[in-house]
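**Q** One structure, as structure tokens, below. Some questions next.
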Amino acid sequence: MANYTAADIKALRERTGAGMLDVKKALDEADGDAEKALEIIRVKGLKGVAKREGRSTSEGLIAVDIRDTEGGQVATLIELNSETDFVAKNDTFISLADRVLKAAADAGARDADAALAADADGETVQQVIDNQAATLGEKIVLRRVTRVAGERVTAYLHRTARDLPPSIGVVVATDAAGETVAKDVAQHVAAMSPTYLSRDEVPAETVENERRIAEETSRNEGKPEAALPKIIEGRLNGFFKDVVLVDQPLAKDPKKTVGQVVSEAGGTITEFVRYRVGA
């Protein structure tokens, strides 16, 4: 019988993220040798990569890298997905995310395809992910990557569960003056999930559709004809408050809009990105 302890099983599970039965089988086959067992788990995992292709990856984490540049700062934001939260909080998975993020940032990747092709110490990011997926025994996917540049860039990462890595990530690009309130804005974006930065970014067809709905709703409610224009504009403004960042009441101080707070600081928001795992 192989010579290993419950502590050996626990240690190998923490290193690989593999199930207890798989770890015990590997230790038995390796006669208690942890390094050999690790190799067995990895080899068996590689054989199962194709079988995992159809599986859902709705767990994972968000990570961000911010670097100084000649013209200001640049942030790289990634979402790395796993099948289960057990793997998402595993140290091996978190270390993988750090490695993927660094490679993506080093390469200046602007999307997932560019990041997957990036070099990571002699391997592509895709190869690194596939190798770790084999060890962890789950499908792992780099779902998306975004690069945000600005005079100043501020990030906020939020954990929805204490024992899990960040599942919401926000990057806000501002000028130097706007940086003083950028953290509050980033936290607001995490909580309220705006779609657009300003009204100018809302597609014209979307605005017209909302205007049409507002008019039809008002008429069906029997509102006076003379009052319709004002009512329609009021409802359209309500729509903008739902989806436009600068029009939303700031979560920290609802008496002021995000736009007002930034303007009072003498600053400007130039871009924002919000990721939520699986969303």
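Each chain of the structure tokens is named A, B, ... in the order shown, its residues numbered from 1; ligands are numbered from 1 in display order.
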Which neighbours of Val181 in chain A fall inside 9 Å, counting only C-alpha atoms, when residues of the same chain fewer than 3 positions from it are skipped, and could you give them as a ChimeraX atom specification?
**A** /A:177-178,184-186,261-262,265,267
**Q** Residues as selected, C-alpha atoms, written as a short mmCIF file (atom, residue, chain, number, x, y, z; two decimals), in the first residue's frame, can you do that?
**A**
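What ended up in part_11.cif:
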```cif
data_model
loop_
_atom_site.label_atom_id
_atom_site.label_comp_id
_atom_site.auth_asym_id
_atom_site.auth_seq_id
_atom_site.Cartn_x
_atom_site.Cartn_y
_atom_site.Cartn_z
CA ALA A 177 -8.00 66.31 -11.73
CA GLY A 178 -10.58 63.56 -12.15
CA ASP A 184 -15.73 56.75 -5.89
CA VAL A 185 -16.75 56.61 -9.55
CA ALA A 186 -15.24 53.15 -10.00
CA VAL A 261 -19.10 65.26 -8.74
CA VAL A 262 -16.44 64.92 -11.42
CA ALA A 265 -13.40 68.23 -8.93
CA GLY A 267 -11.97 66.67 -13.89
#
```
**Q** Apply DSSP to the structure's backbone, then extract all residues of range 41-250 of chain A labelled strand (DSSP E or B) and return them as a CSV table (one decimal) with N, CA, C and O atoms, in the first residue's frame.
**A**
```
chain,number,residue,atom,x,y,z
A,59,GLU,N,-17.7,30.5,-13.5
A,59,GLU,CA,-17.0,31.0,-12.4
A,59,GLU,C,-15.7,31.6,-12.8
A,59,GLU,O,-15.4,31.6,-14.0
A,60,GLY,N,-14.9,32.1,-11.9
A,60,GLY,CA,-13.6,32.6,-12.3
A,60,GLY,C,-13.3,33.9,-11.5
A,60,GLY,O,-13.7,34.1,-10.4
A,61,LEU,N,-12.5,34.8,-12.1
A,61,LEU,CA,-12.1,36.0,-11.5
A,61,LEU,C,-11.8,37.1,-12.5
A,61,LEU,O,-11.6,36.9,-13.7
A,62,ILE,N,-11.7,38.3,-11.9
A,62,ILE,CA,-11.3,39.5,-12.7
A,62,ILE,C,-10.0,40.0,-12.1
A,62,ILE,O,-9.8,40.0,-10.9
A,63,ALA,N,-9.1,40.4,-13.0
A,63,ALA,CA,-7.8,40.9,-12.6
A,63,ALA,C,-7.4,42.1,-13.4
A,63,ALA,O,-7.8,42.1,-14.6
A,64,VAL,N,-6.6,43.0,-12.9
A,64,VAL,CA,-6.2,44.2,-13.6
A,64,VAL,C,-4.8,44.5,-13.4
A,64,VAL,O,-4.2,44.3,-12.3
A,65,ASP,N,-4.1,45.0,-14.4
A,65,ASP,CA,-2.7,45.5,-14.3
A,65,ASP,C,-2.7,46.9,-14.8
A,65,ASP,O,-3.2,47.2,-15.9
A,66,ILE,N,-2.1,47.8,-14.0
A,66,ILE,CA,-2.0,49.2,-14.4
A,66,ILE,C,-0.5,49.6,-14.4
A,66,ILE,O,0.2,49.3,-13.5
A,67,ARG,N,-0.1,50.2,-15.5
A,67,ARG,CA,1.3,50.6,-15.7
A,67,ARG,C,1.4,52.1,-16.2
A,67,ARG,O,0.5,52.6,-16.8
A,68,ASP,N,2.5,52.7,-15.7
A,68,ASP,CA,2.8,54.1,-16.2
A,68,ASP,C,3.3,54.0,-17.6
A,68,ASP,O,4.0,53.1,-18.0
A,69,THR,N,2.9,55.0,-18.4
A,69,THR,CA,3.4,55.1,-19.8
A,69,THR,C,3.9,56.5,-20.0
A,69,THR,O,3.7,57.4,-19.1
A,72,GLY,N,0.8,58.8,-19.8
A,72,GLY,CA,-0.1,58.6,-18.7
A,72,GLY,C,0.0,57.3,-18.1
A,72,GLY,O,1.0,56.8,-17.6
A,73,GLN,N,-1.1,56.5,-18.2
A,73,GLN,CA,-1.2,55.2,-17.6
A,73,GLN,C,-2.0,54.3,-18.6
A,73,GLN,O,-2.9,54.8,-19.3
A,74,VAL,N,-1.8,53.0,-18.4
A,74,VAL,CA,-2.6,52.0,-19.2
A,74,VAL,C,-3.0,50.9,-18.3
A,74,VAL,O,-2.2,50.4,-17.5
A,75,ALA,N,-4.2,50.4,-18.5
A,75,ALA,CA,-4.7,49.3,-17.7
A,75,ALA,C,-5.1,48.1,-18.6
A,75,ALA,O,-5.6,48.3,-19.7
A,76,THR,N,-4.8,46.9,-18.2
A,76,THR,CA,-5.2,45.7,-18.9
A,76,THR,C,-6.1,44.9,-17.9
A,76,THR,O,-5.7,44.6,-16.8
A,77,LEU,N,-7.3,44.7,-18.4
A,77,LEU,CA,-8.3,44.0,-17.6
A,77,LEU,C,-8.7,42.7,-18.2
A,77,LEU,O,-8.9,42.6,-19.4
A,78,ILE,N,-8.7,41.6,-17.4
A,78,ILE,CA,-9.0,40.3,-17.9
A,78,ILE,C,-10.1,39.6,-17.1
A,78,ILE,O,-10.2,39.9,-15.9
A,79,GLU,N,-10.8,38.7,-17.8
A,79,GLU,CA,-11.7,37.8,-17.1
A,79,GLU,C,-11.3,36.4,-17.4
A,79,GLU,O,-11.2,36.0,-18.6
A,80,LEU,N,-10.9,35.6,-16.4
A,80,LEU,CA,-10.4,34.2,-16.6
A,80,LEU,C,-11.5,33.3,-15.9
A,80,LEU,O,-11.8,33.5,-14.7
A,81,ASN,N,-12.1,32.4,-16.7
A,81,ASN,CA,-13.2,31.6,-16.2
A,81,ASN,C,-12.8,30.1,-15.9
A,81,ASN,O,-11.9,29.6,-16.6
A,82,SER,N,-13.5,29.6,-14.9
A,82,SER,CA,-13.3,28.2,-14.6
A,82,SER,C,-14.8,27.6,-14.5
A,82,SER,O,-15.7,28.3,-14.6
A,119,ASP,N,3.3,35.8,-25.7
A,119,ASP,CA,4.4,34.9,-25.1
A,119,ASP,C,4.3,35.0,-23.6
A,119,ASP,O,4.1,36.0,-23.0
A,120,ALA,N,4.4,33.8,-23.0
A,120,ALA,CA,4.5,33.7,-21.5
A,120,ALA,C,5.7,32.7,-21.2
A,120,ALA,O,5.5,31.5,-21.0
A,123,GLU,N,6.1,30.0,-23.9
A,123,GLU,CA,4.9,29.3,-24.3
A,123,GLU,C,3.9,30.4,-24.7
A,123,GLU,O,4.0,31.5,-24.2
A,124,THR,N,2.9,30.1,-25.5
A,124,THR,CA,1.8,31.0,-25.6
A,124,THR,C,0.9,31.0,-24.4
A,124,THR,O,0.9,30.0,-23.7
A,141,VAL,N,-11.1,29.2,-19.4
A,141,VAL,CA,-11.2,30.1,-20.6
A,141,VAL,C,-10.8,31.5,-20.3
A,141,VAL,O,-11.3,32.0,-19.3
A,142,LEU,N,-10.0,32.1,-21.1
A,142,LEU,CA,-9.8,33.5,-21.0
A,142,LEU,C,-10.9,34.2,-21.9
A,142,LEU,O,-10.8,34.2,-23.1
A,143,ARG,N,-11.9,34.6,-21.2
A,143,ARG,CA,-13.1,35.1,-21.9
A,143,ARG,C,-12.9,36.4,-22.6
A,143,ARG,O,-13.4,36.6,-23.7
A,144,ARG,N,-12.3,37.4,-21.9
A,144,ARG,CA,-12.2,38.7,-22.5
A,144,ARG,C,-11.0,39.5,-21.9
A,144,ARG,O,-10.6,39.2,-20.8
A,145,VAL,N,-10.5,40.4,-22.7
A,145,VAL,CA,-9.4,41.3,-22.3
A,145,VAL,C,-9.6,42.7,-22.9
A,145,VAL,O,-10.1,42.8,-24.0
A,146,THR,N,-9.4,43.7,-22.1
A,146,THR,CA,-9.6,45.0,-22.5
A,146,THR,C,-8.4,45.9,-22.1
A,146,THR,O,-7.9,45.7,-21.0
A,147,ARG,N,-8.0,46.8,-22.9
A,147,ARG,CA,-6.9,47.7,-22.6
A,147,ARG,C,-7.4,49.1,-22.6
A,147,ARG,O,-8.1,49.5,-23.5
A,148,VAL,N,-7.2,49.8,-21.5
A,148,VAL,CA,-7.7,51.2,-21.3
A,148,VAL,C,-6.6,52.1,-21.0
A,148,VAL,O,-5.8,51.9,-20.1
A,149,ALA,N,-6.5,53.2,-21.8
A,149,ALA,CA,-5.4,54.1,-21.6
A,149,ALA,C,-6.0,55.5,-21.2
A,149,ALA,O,-7.1,55.9,-21.7
A,150,GLY,N,-5.2,56.3,-20.5
A,150,GLY,CA,-5.7,57.6,-20.1
A,150,GLY,C,-4.6,58.4,-19.4
A,150,GLY,O,-3.5,57.8,-19.1
A,152,ARG,N,-4.8,59.4,-16.3
A,152,ARG,CA,-4.7,58.6,-15.1
A,152,ARG,C,-5.8,57.5,-15.2
A,152,ARG,O,-6.8,57.6,-15.8
A,153,VAL,N,-5.4,56.3,-14.7
A,153,VAL,CA,-6.3,55.1,-14.7
A,153,VAL,C,-6.5,54.6,-13.3
A,153,VAL,O,-5.5,54.4,-12.6
A,154,THR,N,-7.7,54.4,-12.9
A,154,THR,CA,-8.0,53.9,-11.5
A,154,THR,C,-8.8,52.6,-11.7
A,154,THR,O,-9.7,52.5,-12.5
A,155,ALA,N,-8.5,51.6,-10.8
A,155,ALA,CA,-9.2,50.3,-10.9
A,155,ALA,C,-9.8,50.0,-9.5
A,155,ALA,O,-9.4,50.5,-8.5
A,156,TYR,N,-10.9,49.3,-9.6
A,156,TYR,CA,-11.6,48.8,-8.4
A,156,TYR,C,-12.0,47.4,-8.6
A,156,TYR,O,-12.7,47.1,-9.6
A,157,LEU,N,-11.6,46.5,-7.7
A,157,LEU,CA,-12.0,45.1,-7.8
A,157,LEU,C,-12.9,44.7,-6.6
A,157,LEU,O,-12.6,45.1,-5.4
A,158,HIS,N,-14.0,44.0,-6.8
A,158,HIS,CA,-15.0,43.8,-5.8
A,158,HIS,C,-15.2,42.3,-5.6
A,158,HIS,O,-15.4,41.6,-6.6
A,168,ILE,N,-16.0,41.2,-9.8
A,168,ILE,CA,-16.4,42.4,-10.5
A,168,ILE,C,-15.1,43.3,-10.6
A,168,ILE,O,-14.4,43.5,-9.6
A,169,GLY,N,-14.8,43.8,-11.7
A,169,GLY,CA,-13.7,44.7,-11.9
A,169,GLY,C,-14.1,45.9,-12.7
A,169,GLY,O,-14.8,45.8,-13.7
A,170,VAL,N,-13.6,47.0,-12.3
A,170,VAL,CA,-13.9,48.3,-13.0
A,170,VAL,C,-12.6,49.1,-13.2
A,170,VAL,O,-11.8,49.1,-12.3
A,171,VAL,N,-12.5,49.7,-14.4
A,171,VAL,CA,-11.4,50.6,-14.7
A,171,VAL,C,-12.0,51.9,-15.2
A,171,VAL,O,-12.8,51.9,-16.1
A,172,VAL,N,-11.5,53.0,-14.6
A,172,VAL,CA,-12.0,54.3,-15.0
A,172,VAL,C,-10.8,55.2,-15.4
A,172,VAL,O,-9.8,55.3,-14.7
A,173,ALA,N,-10.8,55.7,-16.6
A,173,ALA,CA,-9.8,56.6,-17.1
A,173,ALA,C,-10.2,58.0,-17.0
A,173,ALA,O,-11.4,58.4,-17.3
A,174,THR,N,-9.4,58.9,-16.4
A,174,THR,CA,-9.7,60.3,-16.2
A,174,THR,C,-8.5,61.2,-16.5
A,174,THR,O,-7.4,60.6,-16.8
A,196,TYR,N,-23.3,53.3,-20.7
A,196,TYR,CA,-22.6,54.3,-21.5
A,196,TYR,C,-22.0,55.4,-20.6
A,196,TYR,O,-22.5,55.6,-19.5
A,244,VAL,N,-26.7,55.8,-18.4
A,244,VAL,CA,-25.6,56.8,-18.7
A,244,VAL,C,-24.9,57.1,-17.3
A,244,VAL,O,-25.5,57.6,-16.4
A,249,PRO,N,-27.2,59.3,-10.3
A,249,PRO,CA,-26.9,59.8,-8.9
A,249,PRO,C,-25.7,58.9,-8.3
A,249,PRO,O,-25.8,57.7,-8.4
A,250,LEU,N,-24.7,59.6,-7.8
A,250,LEU,CA,-23.5,58.9,-7.3
A,250,LEU,C,-24.0,58.0,-6.1
A,250,LEU,O,-24.6,58.5,-5.2
```
**Q** Could you please determine the separation between CA of Leu245 in chain A and CA of Val258 in chain A in Å, to one decimal place?
**A**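 The value is 6.7 Å.
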**Q** Using only C-alpha atoms, find the one residue out of A:Ile232, A:Leu136, A:Ala251, A:Val87 that sits nearest to Ser58 in chain A.
**A**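 Closest candidate: A:Val87.
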**Q** Do a neighbour search on range 33-36 of chain A at 10 Å with only C-alpha atoms, toss out local chain neighbours closer than 4 positions, and write the hits as a PyMOL selection string.
**A** chain A and resi 2-4+8-9+11-12+23+26-29+40-42
**Q** From the set A:Ala226, A:Ala6, A:Thr217, A:Glu201, which residue has the shortest atom-to-atom contact distance to Glu271 in chain A, counting only C-alpha atoms?
**A**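 Answer, going by the shortest atom-to-atom distance: A:Glu201.
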**Q** Which residues come within 7 Å of Arg211 in chain A, counting only C-alpha atoms, excluding same-chain residues fewer than 4 positions away, as a ChimeraX atom specification?
**A** /A:207,215,232,236
**Q** I want to know what sits within 12 Å of Arg199 in chain A, based on only C-alpha atoms, with residues of the same chain fewer than 2 positions away left out; could you give that as a PyMOL selection string?
**A** chain A and resi 194-197+201-204+206-207+236-237+239-248+259
**Q** Where in range 41-257 of chain A does DSSP assign helix (DSSP H, G or I), given as an MDAnalysis selection string?
**A** chainID A and resid 41:47 50:52 85:88 91:107 112:116 125:136 179:192 199:201 204:220 225:243 245:247
**Q** Just checking: using only C-alpha atoms, which residue out of A:Ala117, A:Ala227, A:Ile213, A:Ala182 ends up closest to Phe272 in chain A?
**A**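 Closest to Phe272 in chain A of all the choices is A:Ala182.
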**Q** For a quick check of understanding, using only C-alpha atoms, which of A:Arg159, A:Arg110, A:Arg212, A:Lys139 has the smallest distance to Pro229 in chain A?
**A**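 So, comparing all the options, the nearest one is A:Arg212.
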**Q** Do a neighbour search on Val125 in chain A at 12 Å with only C-alpha atoms, toss out local chain neighbours closer than 6 positions, and write the hits as a PyMOL selection string.
**A** chain A and resi 80+96-107+109+112-119+131-132+140-142
